[in-house]
file data20.txt (compact mmCIF, C-alpha atoms)
# COMPACT_ATOMS: atom_id res chain seq x y z
CA MET A 1 -75.60 11.58 -67.75
CA ARG A 2 -74.22 15.08 -67.62
CA LEU A 3 -71.68 14.33 -70.30
CA LEU A 4 -73.71 16.12 -72.93
CA PRO A 5 -71.56 18.76 -74.46
CA PRO A 6 -72.62 22.19 -73.36
CA GLY A 7 -73.81 24.53 -76.04
CA THR A 8 -76.59 24.58 -78.46
CA ARG A 9 -78.71 21.83 -79.83
CA ARG A 10 -81.05 22.22 -82.73
CA VAL A 11 -84.69 21.62 -82.02
CA ARG A 12 -87.90 22.29 -83.85
CA THR A 13 -89.33 25.12 -81.87
CA ARG A 14 -91.13 27.29 -84.38
CA GLY A 15 -94.41 28.36 -82.88
CA VAL A 16 -95.88 26.90 -79.75
CA GLY A 17 -98.33 24.46 -81.28
CA PRO A 18 -96.24 21.30 -81.63
CA LEU A 19 -94.68 21.72 -78.22
CA GLY A 20 -97.62 21.64 -75.90
CA GLY A 21 -95.85 19.62 -73.23
CA ILE A 22 -92.83 21.83 -73.22
CA ALA A 23 -95.04 24.90 -73.22
CA VAL A 24 -96.64 23.68 -70.02
CA VAL A 25 -93.24 23.30 -68.40
CA ALA A 26 -92.17 26.64 -69.78
CA ALA A 27 -95.34 28.25 -68.54
CA THR A 28 -94.56 27.00 -65.05
CA ALA A 29 -91.06 28.36 -65.29
CA VAL A 30 -92.15 31.71 -66.70
CA ALA A 31 -94.96 32.21 -64.25
CA CYS A 32 -95.24 35.71 -62.82
CA ALA A 33 -93.62 37.22 -65.88
CA ALA A 34 -93.97 40.95 -66.39
CA PRO A 35 -95.57 41.98 -69.70
CA PRO A 36 -92.48 42.39 -71.91
CA GLU A 37 -91.16 38.87 -71.53
CA ASN A 38 -94.47 37.40 -72.60
CA HIS A 39 -93.44 38.46 -76.05
CA THR A 40 -90.00 36.96 -75.98
CA PRO A 41 -89.76 33.90 -78.13
CA LEU A 42 -87.58 31.95 -75.72
CA GLN A 43 -89.04 28.90 -74.08
CA VAL A 44 -87.64 27.88 -70.75
CA ARG A 45 -87.43 24.37 -69.49
CA ASP A 46 -85.58 22.29 -66.92
CA ALA A 47 -84.79 25.33 -64.83
CA TRP A 48 -83.34 24.60 -61.39
CA VAL A 49 -81.09 26.13 -58.80
CA ARG A 50 -78.79 24.23 -56.50
CA ALA A 51 -79.51 24.52 -52.78
CA ALA A 52 -76.87 26.64 -51.05
CA ASP A 53 -76.20 28.63 -47.91
CA SER A 54 -76.77 32.31 -47.53
CA GLY A 55 -73.68 34.24 -48.58
CA ALA A 56 -72.41 31.34 -50.65
CA THR A 57 -72.14 31.07 -54.39
CA GLY A 58 -74.98 29.34 -56.18
CA ALA A 59 -75.71 28.14 -59.66
CA ALA A 60 -78.81 28.03 -61.82
CA TYR A 61 -79.27 25.80 -64.83
CA LEU A 62 -81.88 26.12 -67.53
CA THR A 63 -82.59 25.26 -71.09
CA LEU A 64 -83.66 28.04 -73.43
CA ALA A 65 -85.19 27.25 -76.80
CA ASN A 66 -85.27 30.01 -79.37
CA GLY A 67 -88.28 29.40 -81.58
CA ASP A 68 -88.01 32.79 -83.22
CA THR A 69 -86.88 33.58 -86.73
CA ALA A 70 -84.11 35.79 -85.37
CA ASP A 71 -81.09 35.12 -83.18
CA ILE A 72 -81.36 36.31 -79.60
CA ALA A 73 -78.45 37.64 -77.56
CA ILE A 74 -78.62 37.53 -73.78
CA THR A 75 -76.41 40.20 -72.32
CA GLY A 76 -77.30 40.25 -68.66
CA TRP A 77 -78.62 38.25 -65.75
CA SER A 78 -79.93 39.16 -62.36
CA SER A 79 -81.67 37.53 -59.46
CA SER A 80 -83.28 38.93 -56.38
CA ALA A 81 -81.66 36.05 -54.48
CA ALA A 82 -78.09 37.12 -55.22
CA VAL A 83 -75.97 40.25 -55.26
CA ALA A 84 -75.04 39.49 -58.84
CA ALA A 85 -75.69 36.86 -61.49
CA GLU A 86 -73.46 36.01 -64.41
CA LEU A 87 -73.41 33.37 -67.10
CA HIS A 88 -70.26 31.28 -66.84
CA GLU A 89 -68.97 28.25 -68.61
CA THR A 90 -66.91 25.55 -66.95
CA MET A 91 -64.11 24.36 -69.18
CA GLN A 92 -61.84 21.38 -68.66
CA HIS A 93 -58.33 21.21 -69.91
CA GLN A 94 -55.91 18.44 -68.97
CA GLY A 95 -57.62 17.71 -65.69
CA MET A 96 -57.88 21.36 -64.71
CA VAL A 97 -61.20 23.15 -64.66
CA HIS A 98 -61.72 26.83 -64.96
CA MET A 99 -64.65 29.08 -65.60
CA SER A 100 -65.05 31.70 -68.23
CA ALA A 101 -67.62 34.46 -67.99
CA ARG A 102 -70.00 34.69 -70.93
CA PRO A 103 -71.16 38.30 -70.70
CA ALA A 104 -73.09 37.86 -73.92
CA ILE A 105 -74.35 34.71 -75.51
CA VAL A 106 -76.27 34.29 -78.72
CA ILE A 107 -78.98 31.69 -79.08
CA ALA A 108 -79.34 31.22 -82.79
CA ARG A 109 -82.83 31.03 -84.21
CA ASP A 110 -84.33 27.60 -84.00
CA SER A 111 -81.71 26.41 -81.59
CA THR A 112 -81.47 25.66 -77.91
CA LEU A 113 -79.06 26.69 -75.21
CA THR A 114 -78.63 23.98 -72.62
CA MET A 115 -77.03 24.62 -69.26
CA ILE A 116 -75.81 21.64 -67.32
CA PRO A 117 -73.42 20.96 -64.43
CA GLY A 118 -69.92 21.02 -65.84
CA GLY A 119 -70.94 23.38 -68.62
CA LEU A 120 -72.86 26.62 -68.85
CA HIS A 121 -74.50 27.89 -65.68
CA VAL A 122 -75.75 31.12 -64.21
CA MET A 123 -73.44 31.84 -61.30
CA LEU A 124 -75.33 33.40 -58.41
CA ILE A 125 -72.80 35.50 -56.56
CA GLU A 126 -73.21 36.16 -52.85
CA LEU A 127 -76.59 34.71 -52.13
CA ARG A 128 -78.77 37.04 -50.09
CA ARG A 129 -80.54 34.13 -48.46
CA ALA A 130 -80.20 30.41 -48.06
CA LEU A 131 -81.69 28.51 -50.96
CA VAL A 132 -83.66 25.64 -49.55
CA VAL A 133 -85.13 22.70 -51.43
CA GLY A 134 -88.73 23.48 -52.33
CA ASP A 135 -88.02 27.19 -52.57
CA THR A 136 -88.10 29.01 -55.89
CA VAL A 137 -85.64 31.58 -57.18
CA SER A 138 -86.44 34.21 -59.74
CA LEU A 139 -83.96 34.97 -62.46
CA ILE A 140 -84.12 37.67 -65.08
CA ALA A 141 -82.33 37.41 -68.39
CA THR A 142 -81.88 40.65 -70.28
CA PHE A 143 -81.63 40.58 -74.04
CA ALA A 144 -79.45 42.83 -76.14
CA ASP A 145 -82.57 44.68 -77.32
CA GLY A 146 -83.63 45.40 -73.76
CA ARG A 147 -86.37 42.84 -73.45
CA THR A 148 -86.31 40.64 -70.39
CA LEU A 149 -87.28 37.13 -69.54
CA ASN A 150 -88.36 36.14 -66.05
CA VAL A 151 -87.67 32.61 -64.94
CA ARG A 152 -88.76 31.00 -61.73
CA ALA A 153 -86.54 28.07 -60.95
CA PRO A 154 -87.14 25.54 -58.19
CA VAL A 155 -84.37 24.85 -55.71
CA ARG A 156 -83.14 21.29 -55.79
CA ALA A 157 -80.84 19.30 -53.52
CA PRO A 158 -77.19 19.95 -54.31
CA MET B 159 -56.93 -8.22 -49.63
CA LYS B 160 -53.55 -9.73 -48.68
CA ARG B 161 -53.32 -11.76 -51.84
CA LYS B 162 -53.98 -8.70 -53.94
CA THR B 163 -51.40 -6.78 -52.00
CA ARG B 164 -48.88 -9.50 -52.74
CA GLN B 165 -49.76 -9.28 -56.41
CA ARG B 166 -49.21 -5.57 -56.37
CA ASP B 167 -45.88 -5.99 -54.68
CA ALA B 168 -44.98 -8.55 -57.30
CA ILE B 169 -45.81 -6.04 -60.01
CA ARG B 170 -43.65 -3.45 -58.36
CA GLN B 171 -40.76 -5.88 -58.09
CA VAL B 172 -40.99 -6.85 -61.73
CA PHE B 173 -40.89 -3.23 -62.75
CA ALA B 174 -38.07 -2.52 -60.35
CA ALA B 175 -36.14 -5.54 -61.61
CA ALA B 176 -36.61 -4.72 -65.28
CA PRO B 177 -33.40 -3.14 -66.47
CA ARG B 178 -33.84 0.46 -67.50
CA PRO B 179 -33.12 1.12 -71.14
CA LEU B 180 -30.10 3.31 -71.68
CA ALA B 181 -31.95 5.68 -73.95
CA GLY B 182 -35.32 4.09 -74.35
CA GLY B 183 -33.86 1.63 -76.87
CA PRO B 184 -35.85 -1.27 -78.21
CA SER B 185 -34.07 -3.81 -75.99
CA GLY B 186 -35.22 -1.97 -72.85
CA ASP B 187 -38.75 -1.69 -74.14
CA LEU B 188 -38.72 -5.34 -75.03
CA ARG B 189 -37.52 -6.36 -71.59
CA ARG B 190 -40.22 -4.26 -70.01
CA LEU B 191 -42.81 -5.78 -72.29
CA VAL B 192 -41.65 -9.26 -71.34
CA GLY B 193 -41.82 -8.25 -67.70
CA LEU B 194 -45.32 -6.89 -68.18
CA LEU B 195 -46.44 -10.06 -69.92
CA GLY B 196 -45.05 -12.01 -67.00
CA VAL B 197 -47.09 -9.89 -64.62
CA LEU B 198 -50.20 -10.40 -66.68
CA VAL B 199 -49.68 -14.16 -66.61
CA VAL B 200 -49.26 -14.10 -62.83
CA MET B 201 -52.35 -11.90 -62.46
CA THR B 202 -54.44 -14.15 -64.65
CA ALA B 203 -53.25 -17.19 -62.75
CA CYS B 204 -54.18 -15.61 -59.45
CA GLY B 205 -57.63 -14.57 -60.55
CA GLY B 206 -56.87 -11.08 -61.78
CA GLU B 207 -55.99 -7.76 -60.24
CA ARG B 208 -58.92 -5.69 -59.09
CA GLN B 209 -60.27 -3.53 -61.87
CA LEU B 210 -61.62 -0.13 -60.98
CA HIS B 211 -63.82 2.18 -63.02
CA GLY B 212 -61.79 5.21 -62.05
CA VAL B 213 -58.45 5.97 -63.64
CA MET B 214 -56.28 3.44 -61.84
CA VAL B 215 -52.98 4.56 -60.45
CA GLU B 216 -50.47 1.78 -60.98
CA PRO B 217 -48.51 1.29 -58.93
CA PRO B 218 -50.49 2.96 -56.15
CA ARG B 219 -48.82 6.20 -55.16
CA ASP B 220 -48.00 7.05 -51.57
CA VAL B 221 -49.24 10.41 -50.37
CA ALA B 222 -48.00 12.25 -47.33
CA SER B 223 -50.22 12.74 -44.27
CA PHE B 224 -51.44 16.09 -43.08
CA ALA B 225 -53.33 17.51 -40.14
CA PHE B 226 -55.98 20.19 -40.39
CA ALA B 227 -57.50 22.11 -37.52
CA GLN B 228 -61.24 21.67 -37.44
CA PRO B 229 -63.92 23.99 -36.13
CA THR B 230 -64.58 21.55 -33.29
CA GLY B 231 -61.03 22.07 -32.03
CA ASP B 232 -60.00 18.58 -33.09
CA SER B 233 -57.71 18.04 -35.97
CA LEU B 234 -58.40 15.98 -39.03
CA ARG B 235 -55.47 13.79 -39.91
CA THR B 236 -55.25 12.32 -43.37
CA ALA B 237 -52.95 9.56 -42.12
CA PRO B 238 -54.26 6.15 -43.17
CA ILE B 239 -56.67 4.28 -40.93
CA ALA B 240 -56.98 0.52 -41.43
CA GLY B 241 -60.23 -0.46 -43.07
CA ARG B 242 -61.10 3.12 -43.96
CA PRO B 243 -60.31 4.29 -47.47
CA MET B 244 -60.46 8.01 -48.13
CA LEU B 245 -61.81 10.11 -50.97
CA VAL B 246 -60.15 13.47 -51.41
CA PHE B 247 -61.24 16.34 -53.58
CA PHE B 248 -59.63 19.75 -53.93
CA GLY B 249 -61.92 22.69 -54.60
CA TYR B 250 -63.18 25.94 -53.15
CA THR B 251 -66.51 26.96 -51.74
CA HIS B 252 -67.06 29.87 -54.12
CA CYS B 253 -67.02 27.31 -56.90
CA PRO B 254 -70.61 27.19 -58.16
CA ASP B 255 -70.50 24.28 -60.55
CA VAL B 256 -67.80 21.63 -60.45
CA CYS B 257 -67.29 21.41 -56.68
CA PRO B 258 -70.93 21.05 -55.70
CA THR B 259 -71.49 18.62 -58.55
CA THR B 260 -68.59 16.50 -57.32
CA LEU B 261 -69.77 16.50 -53.71
CA ALA B 262 -73.33 15.75 -54.80
CA ASP B 263 -71.94 12.81 -56.77
CA TRP B 264 -70.16 11.62 -53.63
CA LYS B 265 -73.43 11.70 -51.80
CA ARG B 266 -75.16 9.70 -54.52
CA ALA B 267 -72.33 7.17 -54.51
CA LYS B 268 -72.48 6.95 -50.72
CA GLN B 269 -76.21 6.31 -50.83
CA LYS B 270 -75.77 3.65 -53.48
CA VAL B 271 -73.09 1.86 -51.47
CA GLY B 272 -75.23 1.91 -48.35
CA ALA B 273 -74.07 1.17 -44.82
CA ASP B 274 -70.55 0.14 -45.83
CA ALA B 275 -69.92 3.65 -47.11
CA ALA B 276 -69.66 4.79 -43.50
CA LYS B 277 -66.13 3.37 -43.58
CA VAL B 278 -65.12 5.84 -46.28
CA ARG B 279 -63.62 9.14 -45.20
CA PHE B 280 -64.90 11.83 -47.55
CA VAL B 281 -62.60 14.84 -47.42
CA PHE B 282 -62.99 18.13 -49.24
CA VAL B 283 -59.79 20.22 -49.15
CA THR B 284 -60.09 23.87 -50.06
CA VAL B 285 -57.47 25.32 -52.37
CA ASP B 286 -58.70 28.79 -51.39
CA PRO B 287 -57.83 29.06 -47.68
CA GLU B 288 -57.77 32.83 -48.08
CA ARG B 289 -61.57 32.89 -48.29
CA ASP B 290 -62.50 29.48 -46.91
CA THR B 291 -61.94 29.27 -43.19
CA PRO B 292 -62.04 25.81 -41.57
CA GLN B 293 -65.62 26.62 -40.53
CA ILE B 294 -66.69 27.59 -44.02
CA ALA B 295 -64.98 24.60 -45.64
CA ASP B 296 -66.51 22.13 -43.21
CA ALA B 297 -70.00 23.64 -43.34
CA TYR B 298 -69.80 23.54 -47.12
CA ALA B 299 -68.96 19.84 -47.20
CA LYS B 300 -71.60 19.02 -44.62
CA GLN B 301 -74.32 20.63 -46.74
CA PHE B 302 -74.00 17.59 -48.94
CA ASP B 303 -73.71 14.95 -46.26
CA PRO B 304 -73.13 15.29 -42.54
CA SER B 305 -70.37 12.69 -42.71
CA PHE B 306 -68.35 14.72 -45.20
CA VAL B 307 -65.48 16.75 -43.83
CA GLY B 308 -64.22 20.00 -45.29
CA VAL B 309 -60.79 21.24 -44.30
CA SER B 310 -58.82 24.40 -44.77
CA GLY B 311 -55.15 24.56 -43.92
CA ASP B 312 -52.73 27.42 -43.70
CA ALA B 313 -50.98 28.38 -46.92
CA ALA B 314 -48.03 26.05 -46.29
CA THR B 315 -50.19 23.01 -45.47
CA THR B 316 -52.43 23.68 -48.45
CA ALA B 317 -49.45 23.93 -50.77
CA ALA B 318 -47.91 20.77 -49.31
CA ILE B 319 -50.99 18.57 -49.60
CA MET B 320 -51.60 19.81 -53.12
CA ALA B 321 -48.03 18.98 -54.06
CA SER B 322 -48.34 15.56 -52.49
CA PHE B 323 -51.44 14.76 -54.55
CA GLY B 324 -50.07 16.52 -57.62
CA VAL B 325 -52.90 18.99 -57.92
CA THR B 326 -52.60 22.57 -58.96
CA ALA B 327 -54.77 25.62 -58.58
CA ALA B 328 -54.47 29.16 -59.79
CA LYS B 329 -56.29 32.33 -58.98
CA GLU B 330 -57.88 33.83 -62.01
CA THR B 331 -59.23 37.28 -62.39
CA GLY B 332 -62.97 37.07 -62.21
CA THR B 333 -65.51 39.75 -62.90
CA ALA B 334 -66.09 42.65 -60.56
CA ALA B 335 -68.85 40.71 -58.86
CA SER B 336 -67.21 37.33 -58.60
CA ASN B 337 -63.93 38.84 -57.36
CA TYR B 338 -61.60 36.01 -58.29
CA LEU B 339 -62.17 32.52 -59.53
CA VAL B 340 -59.90 29.57 -59.01
CA SER B 341 -58.98 27.12 -61.68
CA HIS B 342 -58.07 23.83 -60.13
CA SER B 343 -57.47 20.15 -60.74
CA ALA B 344 -60.90 18.60 -60.70
CA GLN B 345 -60.30 14.92 -60.14
CA ALA B 346 -61.15 13.15 -56.91
CA PHE B 347 -58.59 10.78 -55.41
CA LEU B 348 -59.33 7.41 -53.88
CA VAL B 349 -56.74 6.68 -51.22
CA ASP B 350 -56.62 3.16 -49.83
CA ASP B 351 -56.31 2.37 -46.16
CA ARG B 352 -52.52 2.24 -46.49
CA GLY B 353 -52.31 5.85 -47.61
CA ARG B 354 -51.82 5.19 -51.30
CA VAL B 355 -53.75 6.75 -54.16
CA ILE B 356 -55.21 3.84 -56.11
CA ALA B 357 -57.53 5.65 -58.49
CA MET B 358 -58.57 9.08 -59.69
CA TYR B 359 -62.00 10.23 -60.81
CA PRO B 360 -61.94 13.00 -63.39
CA PHE B 361 -64.84 15.41 -63.30
CA GLY B 362 -67.71 14.03 -65.34
CA ILE B 363 -66.90 10.36 -64.84
CA GLY B 364 -70.21 9.87 -63.04
CA TRP B 365 -71.07 8.84 -59.52
CA ASP B 366 -71.92 5.29 -60.50
CA ALA B 367 -68.27 4.59 -61.36
CA LEU B 368 -67.26 5.79 -57.93
CA ALA B 369 -70.01 3.80 -56.23
CA ALA B 370 -68.93 0.63 -58.03
CA ASP B 371 -65.32 1.15 -56.99
CA LEU B 372 -66.18 1.83 -53.37
CA GLU B 373 -68.23 -1.34 -53.31
CA SER B 374 -65.31 -3.17 -54.81
CA ILE B 375 -62.73 -2.06 -52.25
CA LEU B 376 -64.84 -2.06 -49.10
call {"tool": "encode", "arguments": {"input": "data20.txt", "output": "structure tokens"}}
result
Amino acid sequence: MRLLPPGTRRVRTRGVGPLGGIAVVAATAVACAAPPENHTPLQVRDAWVRAADSGATGAAYLTLANGDTADIAITGWSSSAAVAAELHETMQHQGMVHMSARPAIVIARDSTLTMIPGGLHVMLIELRRALVVGDTVSLIATFADGRTLNVRAPVRAP
Amino acid sequence: MKRKTRQRDAIRQVFAAAPRPLAGGPSGDLRRLVGLLGVLVVMTACGGERQLHGVMVEPPRDVASFAFAQPTGDSLRTAPIAGRPMLVFFGYTHCPDVCPTTLADWKRAKQKVGADAAKVRFVFVTVDPERDTPQIADAYAKQFDPSFVGVSGDAATTAAIMASFGVTAAKETGTAASNYLVSHSAQAFLVDDRGRVIAMYPFGIGWDALAADLESIL
């Protein structure tokens, strides 16, 4: 179920043509994007945020497909719903779990970054408001070259 | 239930009776193997020991009982209650990923089991009492299901219950924003109604395994 290994998975994502269905999902997720991110070649799908109380720590999960011919590095995250947002990865070792911050992550061309519970996630630190099911949360990913990607992720039950 | 208990006791006796090898020599191993085969024969004859999907703890391991002050003013005691098994998980509320996923899995398992699941005591124990007050810990658990209980003890109680269950946790330097993170044992423990851990559920095992086991023991 969620036992998929975190990390990247190769997919055919060159261009938007063959991926109409995904594009629709991505379009929903990238709604309200400011001009620059319209030009980013990342497609977003399966974005969601776990419901949580105000002041608590939250997590967002999304899948990012890089259909570009160049690798893309994401070097920052932010969300209006939280004081800070950081990409972290949950690691398990001999029954212990710990998290490692991933201040920069590269999504190789033609590959996909998949975030899932127990793996990569965007940690939403100190939520400014309660995240309630049905609500949406906006997330901004900043690329190494300064471009940004806006994502609107629905809040789901924990 | 009683028959299975007798079988378990029989297993314990066989292991206790098996002479210990002086230095792990082949004769000791052989005796133990013979003992084990004997147990298997008895188990087969009696219809088989219960099999669980979690990582079974054989023999079941006694855990000490603890009391935690609750926001209501009552105290939650982990002492066994007949007919009411207990699930225990150690985590912290600033944990964004593993802890909520585990508690969400508990909720799914509880829903799958249905009305009988009301007998199960679902207990979330914070390993971060410094930040998680009893109020915070309990409110956190109740976000997932109103029947879940979250507890936070003082440093001594927290250390003692962790030692009793054999879990560890360590503060790790986080980023400036996240302050500190806590690495911790991530398995849930199923404690039977006699106060013995009978199975563990490593993170990622899936809620369906837990649901099946709860159905099996209730």
call {"tool": "residues_near_point", "arguments": {"input": "data20.txt", "point": "(-88.9, 30.9, -61.5)", "cutoff": "6 Å", "atoms": "all atoms listed in the file", "output": "list of chain:residue names"}}
result
A:Ala29, A:Thr136, A:Val137, A:Ser138, A:Val151, A:Arg152, A:Ala153
call {"tool": "interface_residues", "arguments": {"input": "data20.txt", "of": "chain A", "to": "chain B", "cutoff": "10 Å", "atoms": "all atoms listed in the file", "output": "ChimeraX atom specification"}}
result
/A:1-4,50-53,55-61,83-86,88-101,103,116-126,157-158
call {"tool": "closest_residue", "arguments": {"input": "data20.txt", "among": "A:Ala47, A:Ala104, A:Leu62, A:Ile140", "to": "A:Ser78", "atoms": "only C-alpha atoms"}}
result
A:Ile140
call {"tool": "atom_distance", "arguments": {"input": "data20.txt", "atom1": "atom CA of B:Ala275", "atom2": "atom CA of A:Gly134"}}
result
27.8 Å
call {"tool": "atom_distance", "arguments": {"input": "data20.txt", "atom1": "atom CA of B:Ala314", "atom2": "atom CA of B:Thr284"}}
result
12.8 Å
call {"tool": "closest_residue", "arguments": {"input": "data20.txt", "among": "A:Arg156, A:Arg109, A:Arg45, A:Arg102", "to": "A:Ile74", "atoms": "all atoms listed in the file"}}
result
A:Arg102
call {"tool": "atom_distance", "arguments": {"input": "data20.txt", "atom1": "atom CA of B:Gly249", "atom2": "atom CA of B:Trp264"}}
result
13.8 Å
